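Colleague: Just run06.cif, nothing more (mmCIF, C-alpha atoms and all ligand atoms):
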data_protein
loop_
_atom_site.label_atom_id
_atom_site.label_comp_id
_atom_site.auth_asym_id
_atom_site.auth_seq_id
_atom_site.Cartn_x
_atom_site.Cartn_y
_atom_site.Cartn_z
CA MET A 1450 -6.65 -35.33 -35.57
CA THR A 1451 -7.57 -36.02 -31.98
CA GLY A 1452 -8.02 -33.77 -29.01
CA SER A 1453 -8.17 -29.99 -29.00
CA PRO A 1454 -7.80 -27.95 -32.20
CA VAL A 1455 -6.02 -25.22 -30.22
CA TRP A 1456 -2.43 -24.47 -31.27
CA HIS A 1457 -0.77 -22.99 -28.17
CA PRO A 1458 2.00 -20.35 -28.20
CA PHE A 1459 5.60 -21.41 -27.52
CA THR A 1460 4.35 -24.97 -27.08
CA GLN A 1461 5.75 -28.13 -28.67
CA HIS A 1462 2.59 -30.20 -29.02
CA GLY A 1463 4.66 -33.20 -30.12
CA LEU A 1464 6.00 -33.64 -26.59
CA SER A 1465 2.55 -34.40 -25.15
CA GLU A 1466 3.05 -32.23 -22.09
CA PRO A 1467 -0.16 -31.79 -20.10
CA ILE A 1468 -2.03 -28.53 -20.68
CA PRO A 1469 -4.22 -27.87 -17.61
CA LEU A 1470 -7.67 -26.40 -18.24
CA ILE A 1471 -8.18 -23.39 -15.99
CA THR A 1472 -11.66 -22.21 -15.12
CA ARG A 1473 -11.16 -19.43 -12.58
CA ALA A 1474 -8.62 -17.04 -11.07
CA ASP A 1475 -8.52 -14.99 -7.90
CA GLY A 1476 -5.70 -12.75 -6.66
CA ALA A 1477 -2.42 -14.63 -7.14
CA ALA A 1478 -4.06 -18.01 -7.78
CA ILE A 1479 -5.60 -19.92 -10.69
CA PHE A 1480 -7.91 -22.96 -10.34
CA ASP A 1481 -9.15 -25.83 -12.49
CA ALA A 1482 -12.70 -27.21 -12.41
CA ASP A 1483 -11.76 -29.70 -9.65
CA GLY A 1484 -10.61 -26.82 -7.47
CA THR A 1485 -6.90 -27.59 -7.83
CA ARG A 1486 -5.03 -24.39 -7.04
CA TRP A 1487 -1.80 -23.08 -8.55
CA ILE A 1488 0.02 -19.93 -7.51
CA ASP A 1489 0.55 -17.76 -10.58
CA ALA A 1490 4.22 -17.04 -9.84
CA ILE A 1491 4.84 -15.37 -13.22
CA SER A 1492 1.69 -13.21 -13.28
CA SER A 1493 0.36 -15.09 -16.34
CA TRP A 1494 3.29 -14.02 -18.52
CA TRP A 1495 4.17 -10.83 -16.65
CA VAL A 1496 0.86 -9.04 -17.14
CA VAL A 1497 -1.13 -9.36 -13.88
CA THR A 1498 0.03 -6.67 -11.47
CA HIS A 1499 -2.53 -6.16 -8.66
CA GLY A 1500 -3.92 -9.70 -8.90
CA HIS A 1501 -6.37 -11.63 -11.08
CA CYS A 1502 -9.95 -10.34 -11.28
CA HIS A 1503 -9.36 -7.18 -9.25
CA PRO A 1504 -12.96 -6.10 -8.43
CA ARG A 1505 -12.38 -2.53 -9.50
CA ILE A 1506 -11.04 -3.49 -12.93
CA ILE A 1507 -13.79 -6.05 -13.48
CA ALA A 1508 -16.46 -3.49 -12.51
CA ALA A 1509 -14.99 -0.95 -14.95
CA ILE A 1510 -14.99 -3.50 -17.76
CA ARG A 1511 -18.60 -4.46 -17.04
CA ALA A 1512 -19.82 -0.85 -16.89
CA GLN A 1513 -17.97 0.18 -20.06
CA ALA A 1514 -19.14 -2.88 -22.00
CA GLU A 1515 -22.75 -1.91 -21.34
CA ARG A 1516 -22.23 1.69 -22.50
CA LEU A 1517 -19.86 1.66 -25.50
CA ASP A 1518 -18.12 -1.55 -26.53
CA GLN A 1519 -16.09 -0.55 -29.59
CA LEU A 1520 -15.61 2.52 -31.77
CA ILE A 1521 -13.57 3.24 -34.87
CA PHE A 1522 -10.72 5.41 -33.59
CA ALA A 1523 -9.74 7.07 -36.89
CA GLY A 1524 -11.56 10.38 -36.86
CA TRP A 1525 -13.67 9.52 -33.75
CA THR A 1526 -12.89 9.45 -30.07
CA HIS A 1527 -14.31 8.47 -26.68
CA GLU A 1528 -13.93 9.45 -23.07
CA PRO A 1529 -12.07 6.34 -21.77
CA ALA A 1530 -9.27 6.91 -24.31
CA GLU A 1531 -9.14 10.69 -23.74
CA THR A 1532 -8.93 10.23 -19.97
CA LEU A 1533 -6.33 7.48 -20.23
CA ALA A 1534 -4.12 9.45 -22.61
CA ARG A 1535 -4.18 12.50 -20.32
CA GLU A 1536 -3.34 10.36 -17.28
CA LEU A 1537 -0.51 8.56 -19.06
CA VAL A 1538 1.06 11.83 -20.16
CA ALA A 1539 0.84 13.02 -16.56
CA ILE A 1540 2.62 10.00 -15.01
CA THR A 1541 5.29 9.29 -17.66
CA PRO A 1542 8.51 11.31 -18.11
CA GLU A 1543 7.77 14.93 -18.90
CA PRO A 1544 8.78 15.19 -22.58
CA LEU A 1545 6.29 12.48 -23.59
CA THR A 1546 3.20 14.35 -24.80
CA ARG A 1547 1.41 12.11 -27.31
CA VAL A 1548 -0.20 8.69 -26.95
CA PHE A 1549 -0.79 6.20 -29.77
CA PHE A 1550 -2.89 3.14 -28.94
CA SER A 1551 -2.48 -0.46 -30.10
CA ASP A 1552 -3.18 -3.95 -28.79
CA SER A 1553 0.00 -5.71 -27.64
CA GLY A 1554 3.61 -5.15 -26.68
CA SER A 1555 4.72 -6.25 -30.13
CA THR A 1556 2.45 -3.78 -31.88
CA SER A 1557 3.57 -0.99 -29.54
CA VAL A 1558 7.13 -1.72 -30.67
CA GLU A 1559 6.13 -1.76 -34.34
CA VAL A 1560 4.49 1.62 -33.79
CA ALA A 1561 7.62 2.94 -32.06
CA LEU A 1562 9.84 1.89 -34.97
CA LYS A 1563 7.44 3.39 -37.53
CA MET A 1564 7.23 6.64 -35.52
CA ALA A 1565 11.03 6.86 -35.49
CA LEU A 1566 11.42 6.25 -39.22
CA GLY A 1567 8.43 8.49 -39.96
CA TYR A 1568 10.04 11.28 -37.95
CA TRP A 1569 13.26 11.18 -39.97
CA ALA A 1570 11.41 10.83 -43.28
CA ASN A 1571 9.03 13.69 -42.54
CA ILE A 1572 11.75 16.15 -41.51
CA GLY A 1573 13.48 15.40 -44.81
CA ALA A 1574 16.52 13.59 -43.36
CA PRO A 1575 15.69 9.91 -43.86
CA ARG A 1576 17.39 7.42 -41.55
CA HIS A 1577 16.65 3.71 -41.38
CA ARG A 1578 19.10 1.89 -39.17
CA ILE A 1579 17.97 0.71 -35.73
CA LEU A 1580 20.38 -0.02 -32.88
CA VAL A 1581 19.49 -2.75 -30.39
CA MET A 1582 21.00 -4.38 -27.33
CA GLU A 1583 22.34 -7.94 -27.35
CA HIS A 1584 19.93 -10.51 -25.74
CA SER A 1585 16.93 -8.18 -26.20
CA TYR A 1586 13.34 -9.24 -26.70
CA HIS A 1587 10.74 -6.87 -28.14
CA GLY A 1588 8.00 -9.21 -29.38
CA ASP A 1589 7.21 -11.76 -32.07
CA THR A 1590 5.94 -9.81 -35.07
CA ILE A 1591 8.46 -9.42 -37.91
CA GLY A 1592 9.63 -5.93 -36.98
CA ALA A 1593 9.76 -6.72 -33.26
CA MET A 1594 11.71 -9.93 -33.99
CA SER A 1595 14.11 -7.94 -36.17
CA VAL A 1596 15.10 -5.75 -33.22
CA GLY A 1597 15.34 -8.74 -30.86
CA ALA A 1598 17.99 -11.40 -30.35
CA ARG A 1599 18.37 -13.93 -33.16
CA GLY A 1600 18.21 -17.61 -32.23
CA VAL A 1601 16.22 -20.82 -32.45
CA PHE A 1602 13.02 -18.90 -31.85
CA ASN A 1603 13.26 -17.01 -35.13
CA ARG A 1604 15.74 -18.93 -37.27
CA ALA A 1605 13.11 -19.96 -39.85
CA TYR A 1606 12.19 -16.33 -40.45
CA ALA A 1607 15.70 -14.89 -40.47
CA PRO A 1608 15.64 -13.97 -44.19
CA LEU A 1609 12.69 -11.65 -43.52
CA LEU A 1610 14.26 -9.86 -40.54
CA PHE A 1611 15.88 -6.50 -41.23
CA ASP A 1612 19.48 -5.78 -40.36
CA VAL A 1613 20.22 -3.93 -37.10
CA GLY A 1614 23.27 -2.71 -35.21
CA THR A 1615 23.80 -4.69 -32.00
CA ILE A 1616 25.34 -3.14 -28.87
CA PRO A 1617 26.81 -5.63 -26.35
CA PHE A 1618 24.92 -6.20 -23.10
CA PRO A 1619 26.52 -4.17 -20.25
CA ALA A 1620 27.54 -7.18 -18.15
CA PRO A 1621 29.31 -6.39 -14.86
CA GLY A 1622 32.80 -5.08 -15.63
CA LYS A 1623 31.99 -4.64 -19.33
CA GLU A 1624 29.82 -1.53 -19.12
CA GLN A 1625 32.37 0.71 -20.82
CA ALA A 1626 32.43 -1.57 -23.90
CA THR A 1627 28.66 -1.09 -24.21
CA LEU A 1628 28.92 2.68 -23.98
CA ASP A 1629 31.84 2.79 -26.44
CA ALA A 1630 29.98 0.58 -28.94
CA LEU A 1631 26.85 2.71 -28.66
CA GLU A 1632 28.85 5.91 -29.12
CA ALA A 1633 30.57 4.51 -32.23
CA ALA A 1634 27.30 3.25 -33.71
CA CYS A 1635 25.56 6.58 -33.02
CA ARG A 1636 28.17 8.41 -35.10
CA GLU A 1637 26.79 6.65 -38.20
CA HIS A 1638 23.41 8.41 -37.88
CA PRO A 1639 21.04 5.56 -37.05
CA ALA A 1640 17.35 6.40 -36.68
CA ALA A 1641 16.94 5.07 -33.14
CA PHE A 1642 18.20 2.88 -30.32
CA ILE A 1643 15.60 0.58 -28.71
CA VAL A 1644 16.25 -0.90 -25.29
CA GLU A 1645 14.57 -2.65 -22.36
CA PRO A 1646 15.40 -0.39 -19.40
CA LEU A 1647 17.31 -1.99 -16.47
CA ILE A 1648 16.32 -5.60 -17.15
CA LEU A 1649 16.18 -7.75 -20.28
CA GLY A 1650 13.19 -10.03 -19.66
CA ALA A 1651 12.89 -12.85 -22.16
CA GLY A 1652 16.66 -12.70 -22.71
CA GLY A 1653 17.02 -14.25 -19.25
CA MET A 1654 16.22 -11.55 -16.67
CA LEU A 1655 19.58 -9.84 -17.24
CA ILE A 1656 19.97 -6.77 -15.04
CA TYR A 1657 22.14 -3.69 -15.57
CA PRO A 1658 22.47 -0.55 -13.42
CA PRO A 1659 20.49 2.70 -13.78
CA HIS A 1660 23.60 4.83 -14.41
CA ILE A 1661 24.31 2.82 -17.58
CA LEU A 1662 20.75 3.43 -18.78
CA ALA A 1663 21.27 7.16 -18.11
CA GLU A 1664 24.60 7.19 -19.94
CA MET A 1665 23.14 5.35 -22.94
CA ARG A 1666 20.33 7.88 -23.06
CA ALA A 1667 22.84 10.77 -22.92
CA ILE A 1668 24.91 9.29 -25.77
CA CYS A 1669 21.81 9.02 -27.98
CA ALA A 1670 20.81 12.61 -27.12
CA ALA A 1671 24.29 13.91 -27.91
CA HIS A 1672 24.17 12.28 -31.35
CA ASP A 1673 20.53 13.10 -32.12
CA VAL A 1674 19.54 9.41 -32.15
CA LEU A 1675 15.99 8.67 -30.96
CA PHE A 1676 15.89 6.70 -27.71
CA ILE A 1677 13.08 4.13 -27.47
CA ALA A 1678 12.38 2.64 -24.03
CA ASP A 1679 10.49 -0.65 -24.29
CA GLU A 1680 8.80 -0.69 -20.86
CA VAL A 1681 6.34 -3.40 -21.90
CA MET A 1682 7.57 -5.69 -19.11
CA THR A 1683 9.23 -3.18 -16.77
CA GLY A 1684 6.32 -0.75 -16.51
CA TRP A 1685 3.72 -0.63 -13.75
CA GLY A 1686 5.97 -1.20 -10.76
CA ARG A 1687 7.70 -4.44 -11.70
CA THR A 1688 11.19 -3.05 -11.14
CA GLY A 1689 10.26 -1.27 -7.89
CA THR A 1690 9.27 2.07 -9.41
CA MET A 1691 6.34 2.91 -11.67
CA PHE A 1692 8.65 2.82 -14.70
CA ALA A 1693 12.22 1.50 -14.86
CA CYS A 1694 13.29 4.78 -16.54
CA ASP A 1695 12.31 6.59 -13.32
CA GLN A 1696 15.25 4.99 -11.48
CA ALA A 1697 17.69 6.60 -13.91
CA ALA A 1698 15.73 9.86 -14.33
CA VAL A 1699 15.67 8.97 -18.02
CA ALA A 1700 13.16 10.58 -20.38
CA PRO A 1701 13.02 8.58 -23.61
CA ASP A 1702 11.85 10.01 -26.93
CA ILE A 1703 9.47 7.09 -27.33
CA MET A 1704 8.09 4.70 -24.69
CA CYS A 1705 6.21 1.43 -25.16
CA LEU A 1706 3.75 0.19 -22.52
CA SER A 1707 1.47 -2.83 -22.46
CA LYS A 1708 1.33 -5.91 -20.15
CA GLY A 1709 0.36 -4.24 -16.82
CA LEU A 1710 -1.41 -1.31 -18.50
CA THR A 1711 -4.83 -2.85 -17.79
CA GLY A 1712 -3.59 -4.58 -14.64
CA GLY A 1713 -3.30 -7.69 -16.81
CA SER A 1714 -7.02 -8.03 -17.50
CA ILE A 1715 -7.46 -7.31 -21.21
CA PRO A 1716 -5.09 -6.54 -24.12
CA LEU A 1717 -4.04 -2.93 -24.67
CA ALA A 1718 -0.82 -1.12 -25.51
CA VAL A 1719 0.37 2.42 -25.98
CA THR A 1720 3.35 4.07 -27.59
CA LEU A 1721 4.07 7.50 -26.14
CA CYS A 1722 6.29 10.00 -27.93
CA ALA A 1723 7.84 13.41 -27.42
CA GLU A 1724 6.32 16.41 -29.18
CA PRO A 1725 8.88 16.72 -32.05
CA ILE A 1726 7.91 13.26 -33.31
CA PHE A 1727 4.22 14.16 -33.40
CA ALA A 1728 5.09 17.59 -34.84
CA ALA A 1729 6.98 15.96 -37.73
CA HIS A 1730 3.74 14.19 -38.69
CA PHE A 1731 1.55 17.28 -38.14
CA SER A 1732 0.97 18.89 -41.50
CA GLU A 1733 -1.55 19.96 -44.11
CA ASP A 1734 0.18 17.40 -46.32
CA ARG A 1735 -1.67 14.07 -46.08
CA GLY A 1736 1.52 12.35 -47.12
CA LYS A 1737 2.94 13.06 -43.66
CA THR A 1738 0.10 11.23 -41.86
CA PHE A 1739 1.09 8.43 -39.48
CA TYR A 1740 -0.33 5.55 -41.48
CA HIS A 1741 -0.87 2.96 -38.80
CA SER A 1742 -3.96 1.46 -37.19
CA SER A 1743 -5.47 -1.72 -35.93
CA SER A 1744 -9.19 -2.50 -35.94
CA TYR A 1745 -9.45 -2.33 -32.16
CA THR A 1746 -7.22 0.73 -31.63
CA ALA A 1747 -8.07 2.19 -28.19
CA ASN A 1748 -10.95 -0.23 -27.58
CA PRO A 1749 -13.16 1.50 -24.98
CA ILE A 1750 -13.47 -1.55 -22.71
CA ALA A 1751 -9.69 -1.97 -22.61
CA CYS A 1752 -9.21 1.76 -21.97
CA ALA A 1753 -11.75 1.59 -19.11
CA ALA A 1754 -9.76 -1.30 -17.60
CA ALA A 1755 -6.57 0.78 -17.88
CA ASN A 1756 -8.29 3.74 -16.21
CA ALA A 1757 -9.32 1.44 -13.37
CA ASN A 1758 -5.71 0.29 -13.10
CA LEU A 1759 -4.61 3.92 -12.76
CA ALA A 1760 -7.29 4.55 -10.12
CA ILE A 1761 -5.94 1.58 -8.15
CA TRP A 1762 -2.45 3.08 -8.36
CA ARG A 1763 -3.79 6.42 -7.10
CA GLU A 1764 -6.00 5.11 -4.32
CA GLU A 1765 -4.57 1.82 -3.06
CA PRO A 1766 -1.17 1.33 -1.36
CA VAL A 1767 0.34 -0.23 -4.48
CA GLN A 1768 3.85 1.10 -3.87
CA ALA A 1769 3.81 -0.29 -0.31
CA ARG A 1770 2.80 -3.72 -1.67
CA ILE A 1771 5.62 -3.56 -4.21
CA ASP A 1772 8.14 -2.60 -1.53
CA ALA A 1773 6.97 -5.41 0.76
CA LEU A 1774 7.09 -7.98 -2.05
CA SER A 1775 10.54 -6.76 -3.12
CA ALA A 1776 11.84 -7.19 0.45
CA MET A 1777 10.34 -10.68 0.73
CA GLN A 1778 11.90 -11.65 -2.60
CA ALA A 1779 15.29 -10.46 -1.31
CA ASP A 1780 14.93 -12.62 1.81
CA HIS A 1781 14.01 -15.68 -0.23
CA LEU A 1782 16.95 -15.18 -2.58
CA ALA A 1783 19.29 -14.91 0.39
CA ARG A 1784 17.89 -18.17 1.76
CA LEU A 1785 18.25 -19.99 -1.59
CA SER A 1786 21.70 -18.58 -2.32
CA GLY A 1787 23.46 -21.41 -0.48
CA HIS A 1788 21.89 -23.96 -2.82
CA ALA A 1789 24.58 -25.93 -4.66
CA ARG A 1790 22.57 -26.03 -7.90
CA LEU A 1791 21.96 -22.26 -8.06
CA THR A 1792 24.07 -19.32 -9.16
CA ASN A 1793 23.68 -15.67 -10.24
CA MET A 1794 20.99 -14.86 -7.68
CA ARG A 1795 19.62 -11.48 -8.72
CA ARG A 1796 16.69 -9.20 -8.10
CA LEU A 1797 15.25 -5.98 -9.44
CA GLY A 1798 12.22 -4.71 -7.53
CA THR A 1799 9.63 -7.48 -7.40
CA ILE A 1800 11.50 -9.72 -9.88
CA ALA A 1801 13.76 -12.45 -8.47
CA ALA A 1802 15.88 -14.59 -10.80
CA MET A 1803 18.51 -17.31 -10.49
CA ASP A 1804 20.36 -19.65 -12.81
CA VAL A 1805 20.50 -23.43 -12.45
CA ARG A 1806 24.07 -24.69 -12.84
CA VAL A 1807 24.27 -26.87 -15.90
CA SER A 1808 27.22 -28.58 -17.47
CA ASP A 1809 26.11 -29.96 -20.82
CA HIS A 1810 23.83 -28.26 -23.30
CA GLY A 1811 21.77 -31.21 -24.55
CA TYR A 1812 20.50 -31.45 -21.01
CA LEU A 1813 19.76 -27.74 -20.98
CA SER A 1814 17.23 -27.99 -23.82
CA ASP A 1815 14.70 -29.92 -21.75
CA LEU A 1816 15.64 -28.50 -18.36
CA ALA A 1817 13.03 -25.70 -18.43
CA PRO A 1818 10.02 -27.94 -19.21
CA ARG A 1819 11.18 -30.51 -16.63
CA LEU A 1820 11.46 -27.83 -13.99
CA ALA A 1821 8.07 -26.39 -14.98
CA ALA A 1822 6.48 -29.84 -14.62
CA GLY A 1823 7.97 -30.20 -11.14
CA PHE A 1824 6.62 -26.81 -10.12
CA ARG A 1825 3.21 -27.59 -11.59
CA GLU A 1826 3.02 -30.76 -9.48
CA ARG A 1827 3.75 -28.63 -6.42
CA GLY A 1828 0.96 -26.12 -7.08
CA VAL A 1829 3.15 -23.43 -8.61
CA LEU A 1830 3.01 -21.92 -12.10
CA LEU A 1831 6.60 -21.12 -13.05
CA ARG A 1832 8.04 -21.18 -16.56
CA PRO A 1833 11.84 -21.04 -16.55
CA LEU A 1834 13.70 -19.40 -19.44
CA GLY A 1835 16.35 -21.98 -20.34
CA ASN A 1836 18.26 -22.50 -17.09
CA THR A 1837 16.96 -19.26 -15.57
CA ILE A 1838 14.23 -19.60 -12.93
CA TYR A 1839 12.47 -16.35 -12.16
CA VAL A 1840 9.66 -15.41 -9.80
CA MET A 1841 7.44 -12.48 -10.80
CA PRO A 1842 4.13 -12.78 -8.93
CA PRO A 1843 1.21 -10.34 -8.71
CA TYR A 1844 1.80 -7.73 -5.99
CA CYS A 1845 -1.01 -9.19 -3.84
CA VAL A 1846 0.78 -12.52 -3.39
CA ALA A 1847 0.53 -13.70 0.24
CA PRO A 1848 3.74 -14.37 2.21
CA ALA A 1849 2.68 -18.03 2.59
CA ASP A 1850 2.29 -18.34 -1.19
CA LEU A 1851 5.71 -16.81 -1.74
CA ASP A 1852 7.12 -19.33 0.76
CA GLN A 1853 5.49 -22.10 -1.26
CA ILE A 1854 6.94 -20.79 -4.54
CA HIS A 1855 10.50 -20.59 -3.25
CA GLY A 1856 10.09 -23.83 -1.31
CA ALA A 1857 9.07 -25.55 -4.53
CA ILE A 1858 12.19 -24.23 -6.26
CA GLY A 1859 14.42 -25.79 -3.59
CA GLU A 1860 12.48 -29.07 -3.75
CA VAL A 1861 12.38 -29.39 -7.51
CA LEU A 1862 16.11 -28.75 -7.77
CA GLU A 1863 16.66 -31.83 -5.56
CA THR A 1864 14.81 -33.98 -8.10
CA ILE A 1865 16.79 -33.13 -11.22
C1 LIG A 1901 6.35 -9.23 -23.72
C2 LIG A 1901 7.22 -8.18 -24.31
C3 LIG A 1901 6.95 -7.64 -25.58
C4 LIG A 1901 5.84 -8.19 -26.45
O1 LIG A 1901 4.59 -8.00 -25.90
P1 LIG A 1901 3.35 -8.87 -26.45
O2 LIG A 1901 2.18 -8.29 -25.76
O3 LIG A 1901 3.64 -10.29 -26.04
O4 LIG A 1901 3.32 -8.73 -27.92
C5 LIG A 1901 7.72 -6.60 -26.02
N1 LIG A 1901 8.74 -6.12 -25.28
C6 LIG A 1901 9.04 -6.62 -24.07
C7 LIG A 1901 10.16 -6.02 -23.30
C8 LIG A 1901 8.30 -7.68 -23.55
O5 LIG A 1901 8.62 -8.20 -22.36
#
Reformat the file's structure so that it appears as structure tokens.
Modeller:
Amino acid sequence: MTGSPVWHPFTQHGLSEPIPLITRADGAAIFDADGTRWIDAISSWWVVTHGHCHPRIIAAIRAQAERLDQLIFAGWTHEPAETLARELVAITPEPLTRVFFSDSGSTSVEVALKMALGYWANIGAPRHRILVMEHSYHGDTIGAMSVGARGVFNRAYAPLLFDVGTIPFPAPGKEQATLDALEAACREHPAAFIVEPLILGAGGMLIYPPHILAEMRAICAAHDVLFIADEVMTGWGRTGTMFACDQAAVAPDIMCLSKGLTGGSIPLAVTLCAEPIFAAHFSEDRGKTFYHSSSYTANPIACAAANANLAIWREEPVQARIDALSAMQADHLARLSGHARLTNMRRLGTIAAMDVRVSDHGYLSDLAPRLAAGFRERGVLLRPLGNTIYVMPPYCVAPADLDQIHGAIGEVLETI
């Protein structure tokens, strides 16, 4: 073996693509030891909201680390978690009253699924089937993969994935088919429907309108099917509002949050639920306990970072930054929309996405890495999903940096 022992995620090491070594980050930029600068146009996998190394978040991490670094969270508690849970209940849709901590988006989804099945088991009416939306992504653990789209990414593990009911994506003009399919599936008493509100991220930045989200929620409510909103990507302002559910006035039964929860500084996730789900587990019978934990559940340093994120939301003009970025993204999309190689220009809040026209599929398989290499050479970190290029920068991105990102897209398209 030569070189680094590190096995990188979603990386084909056999293709010998360069893996830059980053030593420092600031705002919307990352740097290597030579001082080469790249604009982080995808917020380091959708997590960095206010910008890298926000002084307030870093200060909170430092202060908390010196006071209480880690604590078993079964049977013990600490102020950063108590404060964070109270704040989260206050800012999320009203029926959500309880907060369960974990460490990643995937684990928050596992917790959501276990809460749903635990609810039905504990009220003495067991249900097991989960409904999902076509093209969804909910994470890479076995349960999260089971409720996500099947494809090359999980083919080897398919025998381990549990069976789900799949509702078609509400593509323009086909919304009624989605609602009809959901209604029919709900009549068979599934445990829950899990969905990414308003935009399917890893599935290719596929956008659908708020009224469809609201109608799907109403169908689940009418049939007593738990509605799980996976806001792991959409939360924390990405879609233009604090949560995507806010745009449809939707209150889910269960909500998953991670990525931007700590401003993108340190791993943390939460699964919030409505009171009946907690109540179904509340008992003098130990058998009804919610048997789930991870070693670092509600790590105090991570909770302190999340509390700093919430303070930034309260005290800095975050919404104004989001609105300004959203408007700039719209302008750039309008400018690129004449490009012969681009189609399906779309935007939701701060997220801009477009598809590269491709004719044959063999070509498609290496299109994304070739585009990414072109962007990297032009000082921009972008990581297309198949033939979909998307721009999702931290909210602090400077107009000149956004010009450079979209300029690089136009340039790189000329080279392929
Ligand atoms: C990223 C993502 C996840 C998984 O989160 P991890 O922290 O990567 O485990 C789950 N759901 C959605 C919608 C995501 O975008």
Colleague: Taking only C-alpha atoms and all ligand atoms into account, which residues have an atom no farther than 9 Å from ligand LIG 1901 (chain A)? I'd like them as a count of residues only.
Modeller: 37
Colleague: Please provide the set of residues having any atom within 6 Å of range 1828-1845 of chain A, restricted to all atoms listed in the file, with same-chain residues fewer than 2 positions apart removed, written as number ranges by chain.
Modeller: A: 1477, 1487-1492, 1497-1500, 1770-1771, 1800-1805, 1817, 1821, 1824-1826
Colleague: Quick one: of A:Ile1677, A:Ala1847, A:Ala1478, A:Leu1759, who's nearest to Ala1773 in chain A, counting all atoms listed in the file?
Modeller: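 Once distances to Ala1773 in chain A are computed over all atoms listed in the file, the minimum belongs to A:Ala1847.
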Colleague: At what distance in Å, to one decimal, does CA of Ile1703 in chain A lie from CA of Glu1664 in chain A?
Modeller: 16.8 Å
Colleague: Skip Arg1578 in chain A itself and residues of its chain fewer than 2 positions away, then list as a PDB file with C-alpha atoms, in the coordinates of the input all residues within 12 Å of it, counting only C-alpha atoms.
Modeller:
ATOM      1  CA  LEU A1562       9.840   1.890 -34.970  1.00  0.00           C
ATOM      2  CA  LYS A1563       7.440   3.390 -37.530  1.00  0.00           C
ATOM      3  CA  ALA A1565      11.030   6.860 -35.490  1.00  0.00           C
ATOM      4  CA  LEU A1566      11.420   6.250 -39.220  1.00  0.00           C
ATOM      5  CA  TRP A1569      13.260  11.180 -39.970  1.00  0.00           C
ATOM      6  CA  PRO A1575      15.690   9.910 -43.860  1.00  0.00           C
ATOM      7  CA  ARG A1576      17.390   7.420 -41.550  1.00  0.00           C
ATOM      8  CA  LEU A1580      20.380  -0.020 -32.880  1.00  0.00           C
ATOM      9  CA  VAL A1581      19.490  -2.750 -30.390  1.00  0.00           C
ATOM     10  CA  SER A1595      14.110  -7.940 -36.170  1.00  0.00           C
ATOM     11  CA  VAL A1596      15.100  -5.750 -33.220  1.00  0.00           C
ATOM     12  CA  PHE A1611      15.880  -6.500 -41.230  1.00  0.00           C
ATOM     13  CA  ASP A1612      19.480  -5.780 -40.360  1.00  0.00           C
ATOM     14  CA  VAL A1613      20.220  -3.930 -37.100  1.00  0.00           C
ATOM     15  CA  GLY A1614      23.270  -2.710 -35.210  1.00  0.00           C
ATOM     16  CA  THR A1615      23.800  -4.690 -32.000  1.00  0.00           C
ATOM     17  CA  ALA A1634      27.300   3.250 -33.710  1.00  0.00           C
ATOM     18  CA  CYS A1635      25.560   6.580 -33.020  1.00  0.00           C
ATOM     19  CA  ARG A1636      28.170   8.410 -35.100  1.00  0.00           C
ATOM     20  CA  GLU A1637      26.790   6.650 -38.200  1.00  0.00           C
ATOM     21  CA  HIS A1638      23.410   8.410 -37.880  1.00  0.00           C
ATOM     22  CA  PRO A1639      21.040   5.560 -37.050  1.00  0.00           C
ATOM     23  CA  ALA A1640      17.350   6.400 -36.680  1.00  0.00           C
ATOM     24  CA  ALA A1641      16.940   5.070 -33.140  1.00  0.00           C
ATOM     25  CA  PHE A1642      18.200   2.880 -30.320  1.00  0.00           C
ATOM     26  CA  ILE A1643      15.600   0.580 -28.710  1.00  0.00           C
ATOM     27  CA  VAL A1674      19.540   9.410 -32.150  1.00  0.00           C
ATOM     28  CA  LEU A1675      15.990   8.670 -30.960  1.00  0.00           C
TER      29      LEU A1675
END
Colleague: Could you list, as an NGL selection string, every residue within 12 Å of Gly1689 in chain A, counting all atoms listed in the file and ignoring same-chain residues fewer than 2 positions away?
Modeller: :A and (1647-1648 or 1683-1687 or 1691-1696 or 1767-1776 or 1778 or 1796-1801 or 1841 or 1844)
Colleague: Can you work out the spacing between CA of Leu1520 in chain A and CA of Ser1714 in chain A in Å, to one decimal?
Modeller: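 Distance reported for this atom pair: 19.7 Å.
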Colleague: Do you have the CA of Gln1625 in chain A-CA of Met1665 in chain A distance handy?
Modeller: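 Rounded to one decimal, the two atoms are 10.5 Å apart.
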Colleague: If we count all atoms listed in the file, what is near range 1784-1788 of chain A at a cut-off of 12 Å, once residues fewer than 2 positions away on the same chain are taken out, given as an MDAnalysis selection string?
Modeller: chainID A and resid 1777:1782 1790:1795 1801:1806 1852 1854:1863
Colleague: Please list as a list of chain:residue names every residue within 10 Å of range 1729-1741 of chain A, counting all atoms listed in the file and excluding residues in the same chain fewer than 3 positions away.
Modeller: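 Skipping anything fewer than 3 positions along the chain leaves A:Ala1523, A:Phe1549, A:Ser1551, A:Glu1559, A:Val1560, A:Lys1563, A:Met1564, A:Gly1567, A:Tyr1568, A:Trp1569, A:Ala1570, A:Asn1571, A:Ile1572, A:Gly1573, A:Glu1724, A:Pro1725, A:Ile1726, A:Thr1746.
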Colleague: Edge lengths and centre, in Å to one decimal, as AutoDock Vina command-line options: that's what I need for the box along x, y and z that holds all listed atoms of range 1560-1571 of chain A plus 3 Å on each side.
Modeller:
--center_x 8.9 --center_y 7.7 --center_z -37.7 --size_x 14.8 --size_y 18.1 --size_z 17.2
Colleague: Counting all atoms listed in the file, figure out which residue out of A:Ala1747, A:Val1699, A:Thr1690, A:Ala1598 gets nearest to Leu1662 in chain A.
Modeller: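 Among A:Ala1747, A:Val1699, A:Thr1690, A:Ala1598, it is A:Val1699 that comes nearest to Leu1662 in chain A.
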